[in-house]
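*Asks:* File start-v3.cif below, mmCIF, C-alpha atoms and all ligand atoms:
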data_protein
loop_
_atom_site.label_atom_id
_atom_site.label_comp_id
_atom_site.auth_asym_id
_atom_site.auth_seq_id
_atom_site.Cartn_x
_atom_site.Cartn_y
_atom_site.Cartn_z
CA MET A 1 95.36 86.78 109.19
CA LEU A 2 97.52 86.86 106.04
CA GLY A 3 101.20 86.29 106.75
CA LEU A 4 104.10 86.28 104.30
CA ARG A 5 103.68 82.62 103.27
CA LEU A 6 100.02 82.88 102.30
CA TYR A 7 100.73 86.18 100.58
CA MET A 8 103.52 84.63 98.51
CA ALA A 9 101.39 81.57 97.74
CA GLN A 10 98.64 83.83 96.44
CA ARG A 11 100.98 86.04 94.38
CA ILE A 12 102.89 83.13 92.85
CA THR A 13 99.68 81.33 91.88
CA ALA A 14 98.45 84.60 90.37
CA LEU A 15 101.59 84.73 88.25
CA LEU A 16 100.99 81.15 87.11
CA MET A 17 97.34 81.77 86.31
CA GLY A 18 98.11 84.65 83.95
CA PRO A 19 99.52 82.49 81.13
CA PHE A 20 97.07 79.66 81.96
CA VAL A 21 94.07 81.94 81.48
CA LEU A 22 95.45 83.32 78.21
CA GLY A 23 96.25 79.81 76.99
CA HIS A 24 92.81 78.58 77.96
CA ILE A 25 91.04 81.42 76.14
CA ALA A 26 93.23 81.02 73.06
CA VAL A 27 92.45 77.31 72.87
CA MET A 28 88.71 77.93 73.36
CA ILE A 29 88.62 80.40 70.46
CA TYR A 30 90.70 78.12 68.27
CA ALA A 31 88.65 75.01 69.04
CA ILE A 32 85.30 76.67 68.35
CA GLN A 33 86.38 78.31 65.08
CA GLY A 34 87.44 75.02 63.65
CA GLY A 35 83.99 73.63 64.50
CA LEU A 36 85.39 70.88 66.70
CA SER A 37 82.87 68.58 68.30
CA ALA A 38 83.09 67.39 71.89
CA ALA A 39 84.22 64.00 70.67
CA GLU A 40 87.00 65.55 68.62
CA ILE A 41 88.16 67.65 71.56
CA LEU A 42 88.16 64.61 73.80
CA GLY A 43 90.10 62.80 71.12
CA ARG A 44 92.89 65.31 71.54
CA THR A 45 92.86 65.68 75.29
CA GLN A 46 92.50 62.01 76.17
CA GLY A 47 95.78 60.45 77.10
CA SER A 48 97.59 63.75 76.64
CA VAL A 49 100.21 64.41 79.31
CA LEU A 50 100.49 68.00 78.08
CA TRP A 51 96.80 68.84 78.61
CA PHE A 52 96.81 66.98 81.90
CA LEU A 53 99.70 69.10 83.14
CA PHE A 54 98.29 72.34 81.71
CA TYR A 55 94.85 72.03 83.30
CA GLY A 56 96.13 70.11 86.32
CA LEU A 57 98.49 72.90 87.30
CA PHE A 58 95.80 75.44 86.45
CA VAL A 59 93.43 73.76 88.89
CA VAL A 60 96.08 73.63 91.63
CA ALA A 61 96.83 77.34 91.17
CA VAL A 62 93.15 78.31 91.17
CA SER A 63 92.44 76.26 94.31
CA ILE A 64 95.25 77.89 96.27
CA HIS A 65 94.61 81.39 94.98
CA GLY A 66 90.86 81.29 95.46
CA ALA A 67 90.98 79.72 98.92
CA ILE A 68 93.34 82.41 100.23
CA GLY A 69 91.19 85.14 98.69
CA LEU A 70 88.08 83.74 100.36
CA ARG A 71 90.00 83.60 103.64
CA VAL A 72 90.58 87.34 103.48
CA ILE A 73 86.98 88.12 102.59
CA ALA A 74 85.64 85.80 105.29
CA HIS A 75 87.81 87.49 107.92
CA GLU A 76 87.36 91.11 106.95
CA TRP A 77 83.69 90.98 105.97
CA GLY A 78 82.40 87.93 107.79
CA ARG A 79 84.42 88.22 111.03
CA VAL A 80 85.50 84.56 110.79
CA GLN A 81 88.64 84.05 112.88
CA GLY A 82 91.18 81.59 114.23
CA ARG A 83 90.69 77.89 113.57
CA ALA A 84 87.40 78.42 111.78
CA LEU A 85 89.24 80.61 109.28
CA ASP A 86 91.86 77.91 108.63
CA VAL A 87 89.20 75.23 108.31
CA LEU A 88 87.27 77.37 105.85
CA MET A 89 90.37 78.09 103.75
CA TRP A 90 91.49 74.46 103.58
CA GLY A 91 87.94 73.24 103.03
CA MET A 92 87.32 75.60 100.13
CA GLY A 93 90.76 74.92 98.65
CA LEU A 94 90.25 71.16 98.75
CA ALA A 95 86.73 71.50 97.36
CA PHE A 96 87.96 73.61 94.45
CA PHE A 97 90.73 71.11 93.84
CA ALA A 98 88.36 68.14 93.94
CA LEU A 99 85.96 69.73 91.46
CA GLY A 100 88.73 70.79 89.10
CA ALA A 101 90.78 67.62 89.37
CA ARG A 102 87.71 65.49 88.65
CA ALA A 103 87.09 67.41 85.42
CA VAL A 104 90.73 67.31 84.33
CA TRP A 105 90.91 63.58 84.99
CA ALA A 106 87.68 63.03 83.07
CA VAL A 107 88.95 64.63 79.87
CA THR A 108 92.49 63.26 79.98
CA PHE A 109 93.06 59.86 81.52
CA ALA A 110 89.69 58.60 82.80
CA GLY A 111 88.76 56.81 79.55
CA VAL A 112 92.30 55.70 78.95
CA VAL A 113 92.89 53.93 82.21
CA THR A 114 89.56 52.12 82.48
CA MET B 115 82.14 139.45 116.19
CA PRO B 116 80.32 136.30 115.19
CA SER B 117 78.83 136.75 111.77
CA ASP B 118 76.55 133.75 111.95
CA VAL B 119 75.84 130.53 113.75
CA LEU B 120 77.25 127.04 113.19
CA HIS B 121 75.06 124.01 113.80
CA VAL B 122 77.39 121.54 115.44
CA THR B 123 76.58 117.89 116.12
CA ILE B 124 78.90 115.99 118.42
CA ASP B 125 78.77 112.21 118.87
CA ARG B 126 78.78 111.40 122.58
CA ALA B 127 78.15 108.36 124.76
CA ASN B 128 74.37 108.91 124.74
CA GLY B 129 74.20 109.62 121.04
CA PRO B 130 74.61 112.76 118.97
CA GLU B 131 74.10 116.11 120.66
CA SER B 132 73.53 119.43 118.92
CA PHE B 133 75.02 122.81 119.76
CA GLU B 134 74.81 126.28 118.28
CA VAL B 135 78.26 127.80 118.06
CA PRO B 136 79.09 131.33 116.92
CA ALA B 137 80.78 131.24 113.54
CA TYR B 138 83.92 133.24 112.89
CA ASP B 139 85.90 133.82 109.74
CA ASN B 140 88.99 131.98 110.82
CA GLN B 141 87.87 129.07 112.90
CA THR B 142 89.23 125.56 113.19
CA VAL B 143 87.21 122.50 114.12
CA LEU B 144 89.18 122.38 117.36
CA ASP B 145 88.11 125.98 118.09
CA VAL B 146 84.50 124.88 117.67
CA VAL B 147 84.86 121.90 120.00
CA SER B 148 86.68 124.07 122.55
CA TRP B 149 83.92 126.67 122.38
CA VAL B 150 81.35 124.01 123.19
CA GLN B 151 83.38 122.74 126.13
CA GLN B 152 84.05 126.22 127.49
CA ASN B 153 80.65 127.80 126.91
CA ALA B 154 77.98 125.16 126.49
CA ASP B 155 78.92 121.92 128.23
CA PRO B 156 82.02 121.69 130.43
CA THR B 157 81.64 117.91 130.67
CA LEU B 158 82.57 117.45 127.00
CA SER B 159 85.79 115.45 126.78
CA TYR B 160 88.26 115.84 123.95
CA ARG B 161 92.02 115.94 123.52
CA PHE B 162 94.52 118.41 122.16
CA ALA B 163 97.90 119.85 123.10
CA CYS B 164 99.93 121.88 120.62
CA ARG B 165 97.22 123.42 118.39
CA VAL B 166 99.76 123.79 115.58
CA GLY B 167 99.82 120.34 114.00
CA MET B 168 102.82 119.00 115.84
CA CYS B 169 101.64 116.71 118.62
CA GLY B 170 99.08 114.55 116.83
CA SER B 171 96.58 114.42 119.68
CA CYS B 172 93.58 116.27 118.27
CA ALA B 173 92.40 113.94 115.50
CA MET B 174 88.64 113.38 115.23
CA MET B 175 86.09 112.39 112.62
CA VAL B 176 84.80 115.53 110.95
CA ASN B 177 81.79 115.01 108.68
CA GLY B 178 82.73 111.34 108.53
CA VAL B 179 86.36 111.91 107.62
CA PRO B 180 89.41 111.70 109.93
CA ARG B 181 91.16 115.06 110.35
CA TRP B 182 93.64 116.87 112.57
CA THR B 183 91.15 119.30 114.01
CA CYS B 184 93.59 122.02 115.10
CA ARG B 185 94.58 122.66 111.51
CA THR B 186 91.27 121.98 109.82
CA HIS B 187 89.39 125.16 109.05
CA VAL B 188 85.65 124.89 109.36
CA SER B 189 85.18 126.69 106.05
CA LYS B 190 87.20 123.98 104.28
CA VAL B 191 85.10 121.04 105.45
CA THR B 192 81.52 122.27 105.57
CA ASP B 193 79.36 123.28 102.68
CA GLY B 194 76.74 125.08 104.73
CA ALA B 195 76.59 125.96 108.39
CA ALA B 196 76.48 122.44 109.79
CA ILE B 197 79.32 120.27 111.01
CA HIS B 198 79.40 116.78 112.52
CA VAL B 199 82.24 115.84 114.88
CA GLY B 200 82.86 112.37 116.30
CA PRO B 201 85.57 110.31 117.97
CA LEU B 202 88.30 108.84 115.77
CA ARG B 203 87.31 105.63 113.99
CA ASN B 204 88.90 102.21 114.66
CA LEU B 205 89.89 102.99 118.27
CA PRO B 206 88.04 102.35 121.55
CA ILE B 207 86.20 105.42 122.85
CA ILE B 208 87.12 106.56 126.35
CA LYS B 209 84.60 109.37 126.56
CA ASP B 210 82.99 111.64 123.96
CA LEU B 211 85.75 112.65 121.55
CA ALA B 212 88.66 111.13 123.46
CA VAL B 213 89.73 107.72 122.15
CA ASP B 214 92.13 105.20 123.64
CA MET B 215 95.28 105.40 121.50
CA ASP B 216 96.89 102.36 123.16
CA PRO B 217 96.14 99.86 120.37
CA PHE B 218 97.65 102.30 117.88
CA PHE B 219 100.89 102.69 119.85
CA ASP B 220 101.06 99.02 120.84
CA LYS B 221 101.05 98.11 117.16
CA TRP B 222 103.74 100.72 116.55
CA VAL B 223 105.97 98.71 118.90
CA ALA B 224 104.75 95.35 117.54
CA ALA B 225 105.90 96.46 114.07
CA GLU B 226 109.37 97.01 115.59
CA GLY B 227 108.93 100.76 115.23
CA VAL B 228 111.63 101.25 117.84
CA HIS B 229 115.29 102.16 117.49
CA HIS B 230 117.65 99.22 117.08
CA GLY B 231 121.02 100.67 117.84
CA GLY B 232 124.23 98.74 117.24
CA LEU B 233 126.88 101.23 118.30
CA THR B 234 128.24 102.19 121.71
CA ARG B 235 129.31 105.60 122.93
CA ASP B 236 132.86 104.75 121.92
CA ASP B 237 131.99 104.26 118.28
CA SER B 238 131.84 107.14 115.88
CA ILE B 239 128.41 108.21 114.62
CA ALA B 240 127.11 106.21 111.64
CA VAL B 241 127.62 108.06 108.38
CA VAL B 242 124.37 109.09 106.75
CA ASP B 243 124.50 109.75 103.04
CA GLU B 244 121.69 112.26 102.53
CA GLY B 245 121.51 111.56 98.82
CA SER B 246 121.34 107.76 98.95
CA ALA B 247 118.20 106.00 97.79
CA THR B 248 117.58 104.43 101.19
CA ARG B 249 117.89 107.80 102.96
CA VAL B 250 115.38 109.33 100.55
CA GLU B 251 112.97 106.50 101.46
CA ALA B 252 113.61 106.99 105.18
CA ASN B 253 113.14 110.76 104.98
CA ALA B 254 109.82 110.34 103.18
CA GLY B 255 108.09 108.99 106.28
CA ILE B 256 109.95 110.74 109.03
CA GLU B 257 107.51 113.60 109.65
CA CYS B 258 104.80 111.32 111.02
CA ILE B 259 103.17 112.91 114.09
CA ASN B 260 101.39 109.72 115.30
CA CYS B 261 97.99 111.33 114.89
CA SER B 262 96.26 108.07 113.87
CA VAL B 263 94.32 109.76 111.08
CA CYS B 264 95.56 107.11 108.63
CA TYR B 265 94.69 104.35 111.10
CA ALA B 266 91.16 105.72 111.34
CA ALA B 267 90.90 105.97 107.55
CA CYS B 268 92.03 102.39 106.91
CA ASP B 269 89.23 99.94 106.05
CA THR B 270 91.58 97.01 106.55
CA VAL B 271 92.07 98.05 110.19
CA ALA B 272 88.27 98.21 110.49
CA GLY B 273 87.87 94.67 109.17
CA ASN B 274 90.97 93.04 110.67
CA ALA B 275 91.62 93.90 114.30
CA ASP B 276 95.15 92.48 114.23
CA TYR B 277 96.34 94.51 111.27
CA LEU B 278 99.26 96.73 112.36
CA GLY B 279 98.01 99.61 110.26
CA PRO B 280 99.58 102.24 108.03
CA ALA B 281 101.48 104.40 110.54
CA ALA B 282 103.26 101.56 112.35
CA LEU B 283 104.20 99.87 109.08
CA GLN B 284 105.41 103.13 107.62
CA ARG B 285 107.69 103.61 110.63
CA ALA B 286 108.99 100.06 110.16
CA TRP B 287 109.84 100.95 106.56
CA THR B 288 111.53 104.17 107.66
CA LEU B 289 113.74 102.31 110.13
CA LEU B 290 114.52 99.58 107.62
CA ASN B 291 115.97 102.27 105.38
CA ASP B 292 117.77 104.12 108.14
CA ALA B 293 121.56 103.62 108.11
CA LYS B 294 121.59 104.13 111.89
CA ASP B 295 119.14 101.30 112.57
CA GLU B 296 120.38 97.72 112.74
CA GLY B 297 117.10 95.92 113.25
CA SER B 298 116.36 94.85 109.68
CA VAL B 299 115.84 91.16 110.48
CA ALA B 300 113.58 91.93 113.43
CA ILE B 301 111.62 94.45 111.38
CA LEU B 302 111.09 92.16 108.40
CA ASP B 303 109.95 89.38 110.75
CA ALA B 304 107.60 91.72 112.60
CA VAL B 305 105.89 92.93 109.44
CA SER B 306 105.56 89.41 107.97
CA GLY B 307 103.23 88.00 110.62
CA ASP B 308 99.48 87.52 110.63
CA GLY B 309 98.76 91.24 111.10
CA GLY B 310 101.62 92.41 108.91
CA CYS B 311 102.06 94.44 105.75
CA HIS B 312 100.68 91.70 103.51
CA ASN B 313 97.16 92.45 104.69
CA CYS B 314 97.21 95.90 103.10
CA HIS B 315 94.91 96.21 100.07
CA SER B 316 96.77 99.24 98.70
CA MET B 317 93.59 101.29 98.42
CA GLY B 318 95.35 104.37 99.70
CA SER B 319 92.96 105.91 102.23
CA CYS B 320 95.97 106.39 104.52
CA THR B 321 97.88 108.36 101.91
CA LEU B 322 94.78 110.33 100.94
CA TYR B 323 93.99 111.51 104.47
CA CYS B 324 97.42 111.86 106.10
CA PRO B 325 97.49 115.52 107.13
CA ASN B 326 101.25 115.67 106.65
CA GLU B 327 100.91 114.38 103.10
CA LEU B 328 102.95 111.28 103.89
CA ASP B 329 102.51 108.12 101.83
CA PRO B 330 102.13 105.05 104.08
CA MET B 331 100.67 103.05 101.18
CA SER B 332 103.93 103.24 99.22
CA ALA B 333 105.96 102.53 102.35
CA ILE B 334 103.92 99.35 102.85
CA ALA B 335 104.46 98.42 99.20
CA GLY B 336 108.19 98.75 99.93
CA LEU B 337 107.86 96.36 102.86
CA LYS B 338 106.02 93.87 100.65
CA ARG B 339 108.85 94.03 98.10
CA GLU B 340 111.57 93.57 100.71
CA THR B 341 109.82 90.69 102.50
CA ALA B 342 109.17 88.98 99.15
CA LYS B 343 112.85 89.30 98.19
CA ASN B 344 113.77 87.90 101.57
CA PHE B 345 111.36 85.02 101.05
CA PHE B 346 113.19 83.97 97.89
CA TRP B 347 116.76 84.59 98.99
CA ARG B 348 116.62 83.49 102.58
CA GLY B 349 113.52 81.35 102.64
CA ARG B 350 111.78 83.23 105.42
S1 LIG A 401 96.69 101.42 101.59
FE1 LIG A 401 96.83 99.76 103.12
S2 LIG A 401 97.32 100.77 105.06
FE2 LIG A 401 96.61 102.36 103.63
S3 LIG A 401 94.41 102.59 104.07
FE3 LIG A 401 94.61 101.07 102.42
S4 LIG A 401 94.74 99.04 103.42
FE4 LIG A 401 95.09 100.62 104.99
S1 LIG A 402 101.24 108.68 108.69
FE1 LIG A 402 100.21 110.67 108.61
S2 LIG A 402 98.09 110.22 109.22
FE2 LIG A 402 99.33 108.48 109.85
S3 LIG A 402 99.86 108.87 111.99
FE3 LIG A 402 101.54 109.66 110.69
S4 LIG A 402 101.06 111.81 110.33
FE4 LIG A 402 99.20 110.84 111.09
S1 LIG A 403 96.60 119.76 118.79
FE1 LIG A 403 98.61 119.02 118.31
S2 LIG A 403 98.32 118.29 116.27
FE2 LIG A 403 96.41 119.20 116.71
#
Translate this file's structure into C-alpha cells.
*Replies:*
Amino acid sequence: MLGLRLYMAQRITALLMGPFVLGHIAVMIYAIQGGLSAAEILGRTQGSVLWFLFYGLFVVAVSIHGAIGLRVIAHEWGRVQGRALDVLMWGMGLAFFALGARAVWAVTFAGVVT
Amino acid sequence: MPSDVLHVTIDRANGPESFEVPAYDNQTVLDVVSWVQQNADPTLSYRFACRVGMCGSCAMMVNGVPRWTCRTHVSKVTDGAAIHVGPLRNLPIIKDLAVDMDPFFDKWVAAEGVHHGGLTRDDSIAVVDEGSATRVEANAGIECINCSVCYAACDTVAGNADYLGPAALQRAWTLLNDAKDEGSVAILDAVSGDGGCHNCHSMGSCTLYCPNELDPMSAIAGLKRETAKNFFWRGR
C-alpha cells in the first residue's frame, strides 16, 4: 500500500515543509506586528518571483504529503484498496494543489498579468 | 492441592465459553487450557509443542494481549481469579484456539527471510567478525522463535492485510546484516514493495510484546534507513 517511492516522496516533502512552515509563521508574525494592511501585503507579494516560489513549492509539498497521508488512513481505517486507493490519492493531491495554486497565483501574478 | 478456582473464559467458534479450573500456585496459561481440554471438554482445540518457550506454537490472546502461553504464569496476567483466552489476533482461526499460521510464514518468505548462500562446498566458510557492527545487528534478532506474538500485536497488520509484519521484516534485517548471506539486493527489493517496511508506523507494539525481548521496531527502522540510502545512491 505504501512502497519505497511513496514513502520517500512523503519524507522528502516533510523535510521541505519544515522550513516552509517556520518561514510562513515568521512572516505572519512580522506582517501583523507592523500593522500591515491586506493591500500593503499584496503590494509586496504581487509580481514577486520569490513569494511565488516560496508558497508555490509549499503548496506542491503539502499536496504530495497530505495525499499520501490520506492514502494510508483510507486504507488502514477505511479499507479502501487497489485502484480506488490510487484514485483517491491522486484526486485529493490534485484538489489540494488546485486550491493552493489558485491562492498563490491570486496573491502573486494574477493582478500583474491581467 | 488446588487452593481455589479460576474462572476461565475461552473464545470458541460459537462464542465465549466459561470453565471453572482448579487454581494452583505455579500455573501457566497453557496449563489452564490443557486442564480444560483434558478434564472438561476434549473437543477444545489448541496448539503447543515444547512447553519451554522454544517452538513458538502456543501463542494466544490472554486478557486481550498476545502471549506465549507456556511461559506466561496465570498469576502474572490476572488481577483476580478470572482469565480470558482467545485465538491469536490477525490470523485466520482454524478451530477454537488454533490459528492458521500460513499467512505469517508466507510473508516470512515474501520478505526474503530465507538463506541466500553464495559459496559452494569447496569454498572456505565465510569469516564472521563477532564484534562488527553488522554482526551485532544480526545477533539482535536471531533468537526469534516465530511465535507470531508481534504479528498479533501489530495494528498495522490489522489494518493492512498485505503488510509483511514485524517478524518477517526483522528476519530480513538480520539476513541483510549477516556476512554469510548474499541476498542484500533481493532483500531490499522485497521489503520496499507495497506491503514492505515503509508501512510500519513505529508504534512499537511488536517490541513491547515480543516474549524474547527482541526489537522488531528498530530492525524495521534499520530497513527504512538502508532502503532510503539505496534510493538515493542507486535510484531504486
Ligand atoms: S512498530 Fe511497526 S511492526 Fe511493530 S507493531 Fe508497530 S507498526 Fe507493527
Ligand atoms: S519477533 Fe518476538 S514476538 Fe515476533 S515472532 Fe519472533 S519471537 Fe515471536
Ligand atoms: S509450547 Fe513451545 S513456545 Fe510455548
*Asks:* If we count only C-alpha atoms, what is near region 88-97 of chain A at a cut-off of 7 Å, once residues fewer than 6 positions away on the same chain are taken out, given as number ranges by chain?
*Replies:* A: 59-60, 63-64, 67-68, 70-71
*Asks:* Write out as JSON lines the residues of chain B that have any atom within 6 Å of an atom of ligand LIG 403 (chain A), one row each with the nearest atom pair and its distance in Å to one decimal, counting only C-alpha atoms and all ligand atoms, sorted by chain and then rising number.
*Replies:*
{"residue": "B:Phe162", "atom": "CA", "partner": "A:LIG403", "partner_atom": "S1", "distance": 4.2}
{"residue": "B:Ala163", "atom": "CA", "partner": "A:LIG403", "partner_atom": "S1", "distance": 4.5}
{"residue": "B:Cys164", "atom": "CA", "partner": "A:LIG403", "partner_atom": "FE1", "distance": 3.9}
{"residue": "B:Arg165", "atom": "CA", "partner": "A:LIG403", "partner_atom": "S1", "distance": 3.7}
{"residue": "B:Val166", "atom": "CA", "partner": "A:LIG403", "partner_atom": "FE1", "distance": 5.6}
{"residue": "B:Gly167", "atom": "CA", "partner": "A:LIG403", "partner_atom": "S2", "distance": 3.4}
{"residue": "B:Met168", "atom": "CA", "partner": "A:LIG403", "partner_atom": "S2", "distance": 4.6}
{"residue": "B:Cys169", "atom": "CA", "partner": "A:LIG403", "partner_atom": "FE1", "distance": 3.8}
{"residue": "B:Gly170", "atom": "CA", "partner": "A:LIG403", "partner_atom": "S2", "distance": 3.9}
{"residue": "B:Ser171", "atom": "CA", "partner": "A:LIG403", "partner_atom": "FE1", "distance": 5.2}
{"residue": "B:Cys172", "atom": "CA", "partner": "A:LIG403", "partner_atom": "FE2", "distance": 4.4}
{"residue": "B:Trp182", "atom": "CA", "partner": "A:LIG403", "partner_atom": "FE2", "distance": 5.5}
{"residue": "B:Thr183", "atom": "CA", "partner": "A:LIG403", "partner_atom": "FE2", "distance": 5.9}
{"residue": "B:Cys184", "atom": "CA", "partner": "A:LIG403", "partner_atom": "FE2", "distance": 4.3}
*Asks:* Any idea what the distance is between CA of Val135 (chain B) and CA of Thr192 (chain B)?
*Replies:* 14.0 Å
*Asks:* Skip region 155-158 of chain B itself and residues of its chain fewer than 5 positions away, then list as number ranges by chain all residues within 10 Å of it, counting only C-alpha atoms.
*Replies:* B: 124, 126, 133, 147-150, 209-212
*Asks:* Counting all atoms listed in the file, which residues of chain B come no farther than 6 Å from chain A, as a list in words?
*Replies:*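 Here is what falls inside 6 Å: Gly273, Asn274, Ser306, Gly307, Asp308, Gly309 and Asn313 of chain B.
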*Asks:* Using only C-alpha atoms and all ligand atoms, which protein or nucleic acid residues are at most 9 Å from ligand LIG 402 (chain A), as a PyMOL selection string?
*Replies:* chain B and resi 170+173+180-182+255-267+279-282+284-285+320-330
*Asks:* Interatomic distance between CA of Arg348 (chain B) and CA of Asp295 (chain B)?
*Replies:*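 Those two atoms sit 20.6 Å apart.
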*Asks:* Using Å and a single decimal, report how far CA of Asp243 (chain B) sits from CA of Ala304 (chain B).
*Replies:*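 A separation of 26.5 Å between them.
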